[in-house]
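Dropping run_8.txt in here (compact mmCIF, C-alpha atoms):
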# COMPACT_ATOMS: atom_id res chain seq x y z
CA MET S 1 66.10 67.64 100.14
CA ASN S 2 68.98 69.63 98.63
CA MET S 3 67.73 72.76 100.33
CA GLU S 4 67.67 70.95 103.68
CA ILE S 5 71.23 69.64 103.19
CA ASN S 6 72.47 73.08 102.20
CA ALA S 7 70.75 74.61 105.21
CA VAL S 8 72.41 72.10 107.56
CA GLY S 9 75.82 72.71 105.97
CA PHE S 10 75.37 76.47 106.27
CA TRP S 11 74.42 76.14 109.95
CA LEU S 12 77.50 73.99 110.62
CA THR S 13 79.72 76.52 108.87
CA LEU S 14 78.41 79.28 111.08
CA SER S 15 78.35 77.34 114.32
CA GLU S 16 81.81 75.75 114.11
CA PRO S 17 83.95 78.88 114.69
CA THR S 18 81.51 80.13 117.30
CA ASP S 19 81.86 76.94 119.32
CA ARG S 20 85.62 76.89 118.88
CA HIS S 21 86.11 80.43 120.19
CA TYR S 22 83.34 80.48 122.81
CA MET S 23 84.79 81.63 126.12
CA SER S 24 83.95 79.88 129.37
CA PRO S 25 83.78 81.66 132.74
CA ILE S 26 86.92 83.55 133.72
CA PHE S 27 88.49 83.33 137.16
CA ALA S 28 89.45 86.45 139.08
CA HIS S 29 91.70 85.70 142.03
CA HIS S 30 89.71 83.45 144.39
CA ARG S 31 86.23 84.68 143.59
CA ASP S 32 83.60 82.54 141.93
CA PRO S 33 84.16 82.73 138.17
CA PRO S 34 81.60 85.06 136.54
CA SER S 35 79.71 83.69 133.56
CA LEU S 36 77.72 86.74 132.47
CA PRO S 37 79.32 88.56 129.52
CA LYS S 38 79.27 91.97 131.21
CA ASP S 39 81.06 90.60 134.28
CA MET S 40 83.64 88.75 132.19
CA LEU S 41 84.22 91.87 130.11
CA GLY S 42 84.78 93.79 133.32
CA LEU S 43 87.55 91.38 134.31
CA PHE S 44 89.29 91.73 130.95
CA HIS S 45 88.93 95.51 131.09
CA ASP S 46 90.56 95.63 134.52
CA TYR S 47 93.30 93.21 133.46
CA TYR S 48 94.31 95.11 130.34
CA THR S 49 94.03 98.48 132.06
CA LYS S 50 96.53 97.31 134.65
CA LEU S 51 98.75 95.58 132.07
CA TYR S 52 99.03 98.53 129.69
CA GLY S 53 98.63 101.34 132.19
CA LEU S 54 101.78 103.39 132.65
CA PRO S 55 102.61 105.19 135.87
CA THR S 56 104.02 108.60 135.05
CA ALA S 57 106.85 109.94 137.16
CA PRO S 58 106.79 113.74 137.57
CA ASP S 59 109.83 114.34 135.36
CA GLN S 60 109.71 111.16 133.26
CA THR S 61 108.23 112.77 130.14
CA ALA S 62 109.21 116.37 130.80
CA PRO S 63 110.31 117.92 127.48
CA ASP S 64 113.64 119.16 128.88
CA THR S 65 114.49 115.74 130.31
CA THR S 66 113.59 113.99 127.07
CA GLN S 67 115.57 116.44 124.94
CA ARG S 68 118.69 115.99 127.09
CA PHE S 69 118.38 112.23 126.74
CA LEU S 70 117.91 112.40 122.97
CA ARG S 71 120.82 114.80 122.45
CA THR S 72 123.08 112.48 124.42
CA HIS S 73 122.05 109.10 122.99
CA LEU S 74 120.37 109.53 119.61
CA ARG S 75 122.59 110.17 116.61
CA SER S 76 120.32 109.12 113.72
CA LYS S 77 118.97 111.98 111.62
CA LEU S 78 117.02 112.28 108.40
CA THR S 79 118.88 113.88 105.53
CA PRO S 80 117.09 116.74 103.72
CA HIS S 81 116.33 114.36 100.81
CA MET S 82 114.84 111.75 103.16
CA ARG S 83 112.74 114.38 104.91
CA SER S 84 111.32 115.73 101.67
CA SER S 85 110.48 112.22 100.40
CA ILE S 86 108.36 111.63 103.52
CA GLU S 87 106.75 115.10 103.61
CA GLY S 88 105.04 115.19 100.21
CA PRO S 89 101.30 114.61 99.72
CA ILE S 90 100.16 110.99 99.54
CA THR S 91 99.52 109.99 95.93
CA ALA S 92 97.06 107.64 94.25
CA GLU S 93 100.01 105.46 93.24
CA GLU S 94 101.04 105.06 96.89
CA LEU S 95 97.48 104.12 97.87
CA HIS S 96 97.38 101.55 95.07
CA GLU S 97 100.71 100.07 96.21
CA ALA S 98 99.45 99.86 99.80
CA ILE S 99 96.30 98.05 98.67
CA LYS S 100 98.36 95.66 96.53
CA ARG S 101 100.78 94.81 99.36
CA THR S 102 98.14 94.31 102.03
CA PRO S 103 97.11 90.64 102.50
CA VAL S 104 93.48 89.82 101.78
CA GLY S 105 91.19 87.71 103.94
CA LYS S 106 91.71 89.66 107.17
CA THR S 107 88.81 90.31 109.54
CA PRO S 108 87.53 93.88 109.15
CA GLY S 109 87.36 96.53 111.82
CA PRO S 110 84.21 98.02 113.38
CA ASP S 111 83.03 99.59 110.11
CA GLY S 112 82.85 96.16 108.44
CA PHE S 113 84.68 97.14 105.24
CA THR S 114 87.25 94.58 104.08
CA LEU S 115 90.26 95.04 101.83
CA LYS S 116 88.27 93.49 98.99
CA TYR S 117 85.93 96.49 99.17
CA TYR S 118 88.86 98.86 98.66
CA LYS S 119 90.34 96.70 95.91
CA THR S 120 87.05 96.60 94.05
CA CYS S 121 86.16 100.27 94.52
CA GLU S 122 89.66 101.76 94.47
CA LYS S 123 89.03 104.12 91.54
CA LEU S 124 85.79 105.32 93.07
CA LEU S 125 87.21 105.79 96.58
CA SER S 126 90.74 107.01 95.82
CA ARG S 127 90.02 110.74 95.50
CA ALA S 128 87.99 110.94 98.73
CA TRP S 129 90.51 108.79 100.61
CA LEU S 130 93.43 110.97 99.51
CA ALA S 131 91.59 114.18 100.37
CA SER S 132 90.73 112.86 103.83
CA PHE S 133 94.22 111.75 104.85
CA ASN S 134 96.18 114.49 103.07
CA GLY S 135 93.90 116.95 104.81
CA LEU S 136 95.35 115.88 108.15
CA THR S 137 98.32 118.15 107.51
CA GLU S 138 96.05 121.17 107.96
CA PRO S 139 95.99 122.80 111.42
CA ALA S 140 93.33 121.46 113.80
CA SER S 141 92.51 118.56 111.45
CA HIS S 142 92.05 115.10 112.89
CA LEU S 143 90.49 111.76 112.11
CA ALA S 144 86.89 111.13 113.11
CA PRO S 145 86.56 109.17 116.36
CA GLN S 146 84.88 106.32 114.46
CA SER S 147 87.95 105.94 112.24
CA LEU S 148 90.19 105.33 115.25
CA SER S 149 87.89 102.83 116.91
CA ALA S 150 88.88 99.16 117.14
CA THR S 151 87.35 95.86 118.13
CA ILE S 152 89.53 93.66 120.34
CA THR S 153 89.20 89.94 119.67
CA LEU S 154 90.58 87.58 122.30
CA ILE S 155 92.49 84.60 120.88
CA PRO S 156 93.14 81.76 123.36
CA LYS S 157 96.79 80.80 123.67
CA PRO S 158 97.34 77.10 122.91
CA ASP S 159 97.95 74.70 125.79
CA LYS S 160 97.10 77.31 128.42
CA ASP S 161 94.45 77.60 131.14
CA HIS S 162 91.71 79.58 129.41
CA ALA S 163 90.05 80.45 132.69
CA LEU S 164 92.71 83.15 133.16
CA CYS S 165 92.72 86.51 131.41
CA ALA S 166 96.49 86.36 130.87
CA ASN S 167 96.13 83.35 128.58
CA TYR S 168 94.35 85.22 125.81
CA ARG S 169 96.09 87.21 123.09
CA PRO S 170 94.28 90.49 122.33
CA ILE S 171 94.06 91.28 118.61
CA SER S 172 92.87 94.77 117.69
CA LEU S 173 90.78 94.83 114.52
CA LEU S 174 91.23 98.27 112.95
CA ASN S 175 89.28 99.89 110.16
CA GLN S 176 90.79 99.15 106.76
CA ASP S 177 91.08 102.80 105.66
CA VAL S 178 93.29 103.59 108.65
CA LYS S 179 95.35 100.43 108.08
CA LEU S 180 96.00 101.52 104.49
CA PHE S 181 97.01 104.96 105.75
CA ALA S 182 99.52 103.38 108.15
CA LYS S 183 100.75 101.11 105.34
CA VAL S 184 101.48 104.11 103.09
CA LEU S 185 103.52 105.74 105.86
CA ALA S 186 105.35 102.48 106.57
CA LEU S 187 106.28 102.06 102.91
CA ARG S 188 107.67 105.59 102.84
CA LEU S 189 109.80 104.93 105.91
CA ALA S 190 110.97 101.50 104.74
CA ASN S 191 113.40 103.06 102.27
CA HIS S 192 115.23 104.87 105.08
CA MET S 193 115.12 102.42 107.99
CA ARG S 194 118.61 101.01 107.46
CA HIS S 195 120.01 104.54 107.72
CA LEU S 196 118.04 105.42 110.84
CA ILE S 197 118.20 102.18 112.86
CA HIS S 198 121.44 100.88 114.39
CA PRO S 199 122.82 97.72 112.70
CA ASP S 200 122.46 95.77 115.96
CA GLN S 201 118.66 95.90 115.60
CA THR S 202 117.81 93.23 113.05
CA GLY S 203 114.12 92.71 113.71
CA PHE S 204 111.53 94.38 111.45
CA ILE S 205 114.20 96.03 109.27
CA PRO S 206 114.18 95.10 105.55
CA GLY S 207 117.42 93.42 104.53
CA ARG S 208 118.32 92.29 108.05
CA GLU S 209 117.74 88.93 109.71
CA GLY S 210 117.54 87.78 113.31
CA ARG S 211 120.26 85.20 112.74
CA ASP S 212 122.75 88.06 112.34
CA ASN S 213 122.52 88.72 116.08
CA THR S 214 122.84 85.00 116.79
CA THR S 215 126.10 84.97 114.82
CA LEU S 216 127.28 88.07 116.71
CA ALA S 217 126.54 86.41 120.08
CA ILE S 218 128.47 83.26 119.06
CA ASN S 219 131.44 85.36 117.98
CA LEU S 220 131.42 87.23 121.30
CA ILE S 221 131.37 83.95 123.24
CA HIS S 222 134.43 82.72 121.32
CA ALA S 223 136.18 86.07 121.76
CA ALA S 224 135.60 85.95 125.53
CA GLN S 225 137.46 82.64 125.73
CA ARG S 226 140.62 83.90 124.09
CA PRO S 227 143.73 84.41 126.23
CA GLY S 228 143.89 87.90 127.63
CA ALA S 229 140.21 88.62 127.12
CA GLY S 230 138.79 90.82 129.84
CA PRO S 231 135.65 90.14 131.87
CA THR S 232 132.66 89.57 129.58
CA LEU S 233 128.95 89.70 130.31
CA LEU S 234 126.23 88.59 127.89
CA LEU S 235 122.85 89.85 129.04
CA SER S 236 119.54 88.93 127.42
CA THR S 237 116.55 91.08 128.34
CA ASP S 238 112.96 91.27 127.15
CA ALA S 239 110.66 94.24 127.73
CA GLU S 240 107.08 93.10 128.21
CA LYS S 241 104.67 94.83 125.80
CA ALA S 242 107.58 97.01 124.73
CA PHE S 243 105.91 99.21 122.13
CA ASP S 244 102.58 99.37 123.95
CA ARG S 245 104.36 100.82 126.98
CA VAL S 246 106.17 103.60 125.15
CA HIS S 247 104.97 107.02 126.25
CA TRP S 248 103.55 108.74 123.19
CA PRO S 249 105.03 112.17 124.02
CA PHE S 250 108.47 110.54 124.07
CA LEU S 251 107.75 108.91 120.70
CA PHE S 252 106.77 112.21 119.08
CA GLN S 253 109.74 114.09 120.56
CA THR S 254 112.05 111.38 119.25
CA LEU S 255 110.65 111.70 115.73
CA HIS S 256 111.01 115.48 115.90
CA HIS S 257 114.61 115.14 117.08
CA MET S 258 115.36 112.82 114.15
CA GLY S 259 114.23 115.49 111.70
CA PHE S 260 110.73 114.41 110.71
CA GLY S 261 108.85 117.32 109.19
CA PRO S 262 105.48 118.80 110.21
CA ASN S 263 103.42 116.77 107.72
CA ALA S 264 104.91 113.43 108.80
CA LEU S 265 104.49 114.32 112.47
CA ARG S 266 100.83 115.32 111.97
CA TRP S 267 100.12 112.11 110.06
CA ILE S 268 101.70 109.92 112.73
CA THR S 269 100.14 111.88 115.57
CA ALA S 270 96.71 111.48 113.94
CA LEU S 271 96.96 107.71 114.40
CA TYR S 272 97.34 108.19 118.17
CA ASP S 273 94.74 110.94 118.61
CA SER S 274 92.30 109.46 121.15
CA PRO S 275 91.89 105.90 119.80
CA THR S 276 89.16 103.77 121.37
CA ALA S 277 88.56 100.04 121.56
CA ARG S 278 85.79 97.65 122.59
CA ILE S 279 86.34 94.02 123.57
CA ASN S 280 84.29 91.41 121.71
CA LEU S 281 83.48 88.50 124.01
CA ASN S 282 81.11 85.81 122.74
CA GLY S 283 79.49 88.36 120.46
CA THR S 284 79.01 90.94 123.22
CA LEU S 285 80.88 94.24 123.00
CA SER S 286 82.20 96.07 126.02
CA PRO S 287 80.93 99.64 126.62
Please express what this file holds, its structure, as structure tokens.
Amino acid sequence: MNMEINAVGFWLTLSEPTDRHYMSPIFAHHRDPPSLPKDMLGLFHDYYTKLYGLPTAPDQTAPDTTQRFLRTHLRSKLTPHMRSSIEGPITAEELHEAIKRTPVGKTPGPDGFTLKYYKTCEKLLSRAWLASFNGLTEPASHLAPQSLSATITLIPKPDKDHALCANYRPISLLNQDVKLFAKVLALRLANHMRHLIHPDQTGFIPGREGRDNTTLAINLIHAAQRPGAGPTLLLSTDAEKAFDRVHWPFLFQTLHHMGFGPNALRWITALYDSPTARINLNGTLSP
């Protein structure tokens, strides 16, 4: 009897999240909604390709054009001390700190290895991990294609029509070794962000808060109402998928202009070297 009860409980545990996240047919314009996984995956593929695809103007990312823009508008530069602190080889202590600061319980990437695996086997894996990622500073070195693969899970937005592709939030599940690599780089940069990023940007900068900009906006509104104040315009804008739409060549040229050294540039470039992703829909992966 106990075995039967445990079996039923185990089945319910497995079936509950599956039922909760099962996706019904998706509409595409005025066509009949497809219900086969391959057809639904095709709709999501087309939707995200159009959403994230960037038209490239002939001179938009030309190196000369970008350099002129950066010389005119970008003043932030790394000091020699900052540059050297980012350039050095990644150490076992930095890997340990990245593992310690990464939250547990996250869904793994395509390779199936969770953070708990790295926590448990850190001493065994550390030397190979460090050799692999420090080796990226060598010419012609790059990460294996499998390391840069991701599985995209579609999370339905609450209180939205889930028959539309736009009402799902795509979450990319990356392999944990690459996430730890990115965490190490982020921790190195965190010490210098307040020097590099203008004070008006409060989001994602340690020691700054979004309410600072709210206070600034309130002060500007009061200042605009004072006698003798000139014409004032407060403009709020939002760039859709802002980071996802940044041209990578522009990103790398910006980092070079700011004084990032060859090792840092190779490490960051390695994270963008031909990444791939497959959408997971009801347990079926896209090609």
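Summary of the local environment: counting only C-alpha atoms, residues at most 9 Å from Arg188 of chain S, other than itself and those fewer than 6 positions away along its chain, are Ser85, Ile86 and Glu94 of chain S.
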Do you know which residues are at most 9 Å from segment 219-222 of chain S counting only C-alpha atoms, after dropping those on the same chain fewer than 5 positions away, and could you put them as a PyMOL selection string?
chain S and resi 214+232+234
Can you pull out the residues contacting segment 106-122 of chain S? Cut-off 8 Å, using all atoms listed in the file, and skip same-chain residues under 6 positions away; I want them as an NGL selection string.
:S and (96 or 99 or 149-151 or 173-176)
Selected residues, C-alpha atoms, written as a PDB file, keeping the file's coordinate frame, please.
ATOM      1  CA  HIS S  96      97.380 101.550  95.070  1.00  0.00           C
ATOM      2  CA  ILE S  99      96.300  98.050  98.670  1.00  0.00           C
ATOM      3  CA  SER S 149      87.890 102.830 116.910  1.00  0.00           C
ATOM      4  CA  ALA S 150      88.880  99.160 117.140  1.00  0.00           C
ATOM      5  CA  THR S 151      87.350  95.860 118.130  1.00  0.00           C
ATOM      6  CA  LEU S 173      90.780  94.830 114.520  1.00  0.00           C
ATOM      7  CA  LEU S 174      91.230  98.270 112.950  1.00  0.00           C
ATOM      8  CA  ASN S 175      89.280  99.890 110.160  1.00  0.00           C
ATOM      9  CA  GLN S 176      90.790  99.150 106.760  1.00  0.00           C
TER      10      GLN S 176
END
Rank nothing, just name the residue among S:Arg75, S:Lys179, S:Arg266, S:His45 nearest to Ile152 of chain S, using all atoms listed in the file.
S:His45
Surrounding residues of Thr153 of chain S excluding itself and chain neighbours under 2 positions, 12 Å, all atoms listed in the file, as a short mmCIF file (atom, residue, chain, number, x, y, z; two decimals) with C-alpha atoms, in the coordinates of the input:
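Result file result_22.cif:
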data_model
loop_
_atom_site.label_atom_id
_atom_site.label_comp_id
_atom_site.auth_asym_id
_atom_site.auth_seq_id
_atom_site.Cartn_x
_atom_site.Cartn_y
_atom_site.Cartn_z
CA HIS S 21 86.11 80.43 120.19
CA TYR S 22 83.34 80.48 122.81
CA MET S 23 84.79 81.63 126.12
CA LEU S 41 84.22 91.87 130.11
CA PHE S 44 89.29 91.73 130.95
CA THR S 107 88.81 90.31 109.54
CA PRO S 108 87.53 93.88 109.15
CA GLY S 109 87.36 96.53 111.82
CA PRO S 110 84.21 98.02 113.38
CA ALA S 150 88.88 99.16 117.14
CA THR S 151 87.35 95.86 118.13
CA ILE S 155 92.49 84.60 120.88
CA PRO S 156 93.14 81.76 123.36
CA TYR S 168 94.35 85.22 125.81
CA ARG S 169 96.09 87.21 123.09
CA PRO S 170 94.28 90.49 122.33
CA ILE S 171 94.06 91.28 118.61
CA SER S 172 92.87 94.77 117.69
CA LEU S 173 90.78 94.83 114.52
CA LEU S 174 91.23 98.27 112.95
CA ALA S 277 88.56 100.04 121.56
CA ARG S 278 85.79 97.65 122.59
CA ILE S 279 86.34 94.02 123.57
CA ASN S 280 84.29 91.41 121.71
CA LEU S 281 83.48 88.50 124.01
CA ASN S 282 81.11 85.81 122.74
CA GLY S 283 79.49 88.36 120.46
CA THR S 284 79.01 90.94 123.22
CA LEU S 285 80.88 94.24 123.00
CA SER S 286 82.20 96.07 126.02
#
Give me the residues near Asp200 of chain S as a PyMOL selection string, where near means some atom within 10 Å (using all atoms listed in the file) and where sequence neighbours in that chain fewer than 6 positions away do not count.
chain S and resi 208+210+212-213+216
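In this model, the gap between atom CA of Lys38 of chain S and atom CA of Pro287 of chain S comes to 9.1 Å.
One distance worth recording is that between atom CA of Thr276 of chain S and atom CA of Ala144 of chain S, which is 11.3 Å.
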Scan for residues within 6 Å of the point (100.5, 116.9, 102.7) in the coordinates of the file, using all atoms listed in the file, and reply as a count of residues only.
5
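Relative to atom CA of Arg83 of chain S, atom CA of Ser126 of chain S is found at 24.9 Å.
Closest approach to His195 of chain S from the set S:Lys241, S:Gly207, S:Leu125, S:Leu78 is made by S:Leu78, with distances taken over all atoms listed in the file.
Ranking S:Ala224, S:Leu189, S:Leu70, S:Ile90 by their shortest atom-to-atom distance to Gly135 of chain S, with all atoms listed in the file included, puts S:Ile90 first.
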Please tell me which residues are no farther than 6 Å from (92.5, 110.0, 110.9) in the file, counting only C-alpha atoms, and write them as a ChimeraX atom specification.
/S:142-143,270
Should you be able to, write segment 153-165 of chain S of this structure into a file that contains all heavy atoms, as a PDB file, in the first residue's frame.
ATOM      1  N   THR S 153      13.387  28.205 -22.772  1.00  0.00           N
ATOM      2  CA  THR S 153      12.120  27.826 -22.163  1.00  0.00           C
ATOM      3  C   THR S 153      11.162  29.007 -22.250  1.00  0.00           C
ATOM      4  O   THR S 153      11.546  30.148 -21.987  1.00  0.00           O
ATOM      5  CB  THR S 153      12.324  27.428 -20.693  1.00  0.00           C
ATOM      6  OG1 THR S 153      13.153  26.271 -20.634  1.00  0.00           O
ATOM      7  CG2 THR S 153      10.997  27.114 -20.022  1.00  0.00           C
ATOM      8  N   LEU S 154       9.936  28.728 -22.629  1.00  0.00           N
ATOM      9  CA  LEU S 154       8.938  29.786 -22.816  1.00  0.00           C
ATOM     10  C   LEU S 154       8.040  29.859 -21.591  1.00  0.00           C
ATOM     11  O   LEU S 154       7.325  28.915 -21.268  1.00  0.00           O
ATOM     12  CB  LEU S 154       8.119  29.513 -24.071  1.00  0.00           C
ATOM     13  CG  LEU S 154       8.940  29.382 -25.366  1.00  0.00           C
ATOM     14  CD1 LEU S 154       8.067  28.905 -26.506  1.00  0.00           C
ATOM     15  CD2 LEU S 154       9.601  30.707 -25.710  1.00  0.00           C
ATOM     16  N   ILE S 155       8.082  30.992 -20.896  1.00  0.00           N
ATOM     17  CA  ILE S 155       7.287  31.201 -19.688  1.00  0.00           C
ATOM     18  C   ILE S 155       6.089  32.080 -20.036  1.00  0.00           C
ATOM     19  O   ILE S 155       6.263  33.202 -20.516  1.00  0.00           O
ATOM     20  CB  ILE S 155       8.118  31.879 -18.583  1.00  0.00           C
ATOM     21  CG1 ILE S 155       9.404  31.089 -18.329  1.00  0.00           C
ATOM     22  CG2 ILE S 155       7.296  32.013 -17.309  1.00  0.00           C
ATOM     23  CD1 ILE S 155       9.182  29.690 -17.840  1.00  0.00           C
ATOM     24  N   PRO S 156       4.862  31.581 -19.825  1.00  0.00           N
ATOM     25  CA  PRO S 156       3.687  32.406 -20.154  1.00  0.00           C
ATOM     26  C   PRO S 156       3.587  33.625 -19.246  1.00  0.00           C
ATOM     27  O   PRO S 156       3.763  33.530 -18.036  1.00  0.00           O
ATOM     28  CB  PRO S 156       2.511  31.449 -19.929  1.00  0.00           C
ATOM     29  CG  PRO S 156       3.034  30.394 -19.012  1.00  0.00           C
ATOM     30  CD  PRO S 156       4.492  30.249 -19.300  1.00  0.00           C
ATOM     31  N   LYS S 157       3.318  34.775 -19.844  1.00  0.00           N
ATOM     32  CA  LYS S 157       3.116  35.991 -19.070  1.00  0.00           C
ATOM     33  C   LYS S 157       1.740  35.940 -18.407  1.00  0.00           C
ATOM     34  O   LYS S 157       0.762  35.532 -19.040  1.00  0.00           O
ATOM     35  CB  LYS S 157       3.209  37.221 -19.978  1.00  0.00           C
ATOM     36  CG  LYS S 157       4.567  37.403 -20.630  1.00  0.00           C
ATOM     37  CD  LYS S 157       4.596  38.621 -21.552  1.00  0.00           C
ATOM     38  CE  LYS S 157       5.952  38.778 -22.216  1.00  0.00           C
ATOM     39  NZ  LYS S 157       6.005  39.950 -23.126  1.00  0.00           N
ATOM     40  N   PRO S 158       1.653  36.325 -17.142  1.00  0.00           N
ATOM     41  CA  PRO S 158       0.364  36.242 -16.443  1.00  0.00           C
ATOM     42  C   PRO S 158      -0.672  37.184 -17.045  1.00  0.00           C
ATOM     43  O   PRO S 158      -0.348  38.272 -17.511  1.00  0.00           O
ATOM     44  CB  PRO S 158       0.715  36.638 -15.002  1.00  0.00           C
ATOM     45  CG  PRO S 158       1.983  37.419 -15.114  1.00  0.00           C
ATOM     46  CD  PRO S 158       2.723  36.851 -16.288  1.00  0.00           C
ATOM     47  N   ASP S 159      -1.911  36.710 -17.033  1.00  0.00           N
ATOM     48  CA  ASP S 159      -3.059  37.517 -17.470  1.00  0.00           C
ATOM     49  C   ASP S 159      -2.932  37.977 -18.922  1.00  0.00           C
ATOM     50  O   ASP S 159      -3.339  39.094 -19.277  1.00  0.00           O
ATOM     51  CB  ASP S 159      -3.233  38.746 -16.560  1.00  0.00           C
ATOM     52  CG  ASP S 159      -3.402  38.363 -15.097  1.00  0.00           C
ATOM     53  OD1 ASP S 159      -4.079  37.352 -14.834  1.00  0.00           O
ATOM     54  OD2 ASP S 159      -2.834  39.053 -14.233  1.00  0.00           O
ATOM     55  N   LYS S 160      -2.337  37.136 -19.759  1.00  0.00           N
ATOM     56  CA  LYS S 160      -2.207  37.431 -21.178  1.00  0.00           C
ATOM     57  C   LYS S 160      -2.815  36.296 -21.999  1.00  0.00           C
ATOM     58  O   LYS S 160      -3.053  35.199 -21.505  1.00  0.00           O
ATOM     59  CB  LYS S 160      -0.730  37.597 -21.562  1.00  0.00           C
ATOM     60  CG  LYS S 160      -0.010  38.748 -20.873  1.00  0.00           C
ATOM     61  CD  LYS S 160      -0.445  40.092 -21.426  1.00  0.00           C
ATOM     62  CE  LYS S 160       0.383  41.213 -20.824  1.00  0.00           C
ATOM     63  NZ  LYS S 160       0.004  42.536 -21.384  1.00  0.00           N
ATOM     64  N   ASP S 161      -3.077  36.588 -23.277  1.00  0.00           N
ATOM     65  CA  ASP S 161      -3.602  35.581 -24.191  1.00  0.00           C
ATOM     66  C   ASP S 161      -2.455  34.666 -24.620  1.00  0.00           C
ATOM     67  O   ASP S 161      -1.585  35.060 -25.391  1.00  0.00           O
ATOM     68  CB  ASP S 161      -4.222  36.271 -25.413  1.00  0.00           C
ATOM     69  CG  ASP S 161      -4.846  35.264 -26.384  1.00  0.00           C
ATOM     70  OD1 ASP S 161      -4.815  34.046 -26.091  1.00  0.00           O
ATOM     71  OD2 ASP S 161      -5.355  35.702 -27.428  1.00  0.00           O
ATOM     72  N   HIS S 162      -2.466  33.447 -24.146  1.00  0.00           N
ATOM     73  CA  HIS S 162      -1.351  32.530 -24.398  1.00  0.00           C
ATOM     74  C   HIS S 162      -1.461  31.820 -25.740  1.00  0.00           C
ATOM     75  O   HIS S 162      -0.709  30.869 -26.007  1.00  0.00           O
ATOM     76  CB  HIS S 162      -1.256  31.513 -23.259  1.00  0.00           C
ATOM     77  CG  HIS S 162      -0.943  32.154 -21.949  1.00  0.00           C
ATOM     78  ND1 HIS S 162      -1.355  31.647 -20.732  1.00  0.00           N
ATOM     79  CD2 HIS S 162      -0.273  33.316 -21.653  1.00  0.00           C
ATOM     80  CE1 HIS S 162      -0.944  32.442 -19.761  1.00  0.00           C
ATOM     81  NE2 HIS S 162      -0.291  33.454 -20.295  1.00  0.00           N
ATOM     82  N   ALA S 163      -2.366  32.280 -26.577  1.00  0.00           N
ATOM     83  CA  ALA S 163      -2.414  31.784 -27.946  1.00  0.00           C
ATOM     84  C   ALA S 163      -1.557  32.645 -28.872  1.00  0.00           C
ATOM     85  O   ALA S 163      -1.522  32.410 -30.074  1.00  0.00           O
ATOM     86  CB  ALA S 163      -3.858  31.751 -28.457  1.00  0.00           C
ATOM     87  N   LEU S 164      -0.857  33.640 -28.308  1.00  0.00           N
ATOM     88  CA  LEU S 164      -0.021  34.539 -29.092  1.00  0.00           C
ATOM     89  C   LEU S 164       1.442  34.391 -28.664  1.00  0.00           C
ATOM     90  O   LEU S 164       1.752  34.367 -27.463  1.00  0.00           O
ATOM     91  CB  LEU S 164      -0.466  35.988 -28.908  1.00  0.00           C
ATOM     92  CG  LEU S 164      -1.915  36.307 -29.301  1.00  0.00           C
ATOM     93  CD1 LEU S 164      -2.247  37.761 -28.945  1.00  0.00           C
ATOM     94  CD2 LEU S 164      -2.135  36.048 -30.774  1.00  0.00           C
ATOM     95  N   CYS S 165       2.322  34.344 -29.634  1.00  0.00           N
ATOM     96  CA  CYS S 165       3.747  34.172 -29.343  1.00  0.00           C
ATOM     97  C   CYS S 165       4.291  35.304 -28.479  1.00  0.00           C
ATOM     98  O   CYS S 165       5.196  35.087 -27.656  1.00  0.00           O
ATOM     99  CB  CYS S 165       4.541  34.102 -30.650  1.00  0.00           C
ATOM    100  SG  CYS S 165       4.211  32.644 -31.665  1.00  0.00           S
TER     101      CYS S 165
END
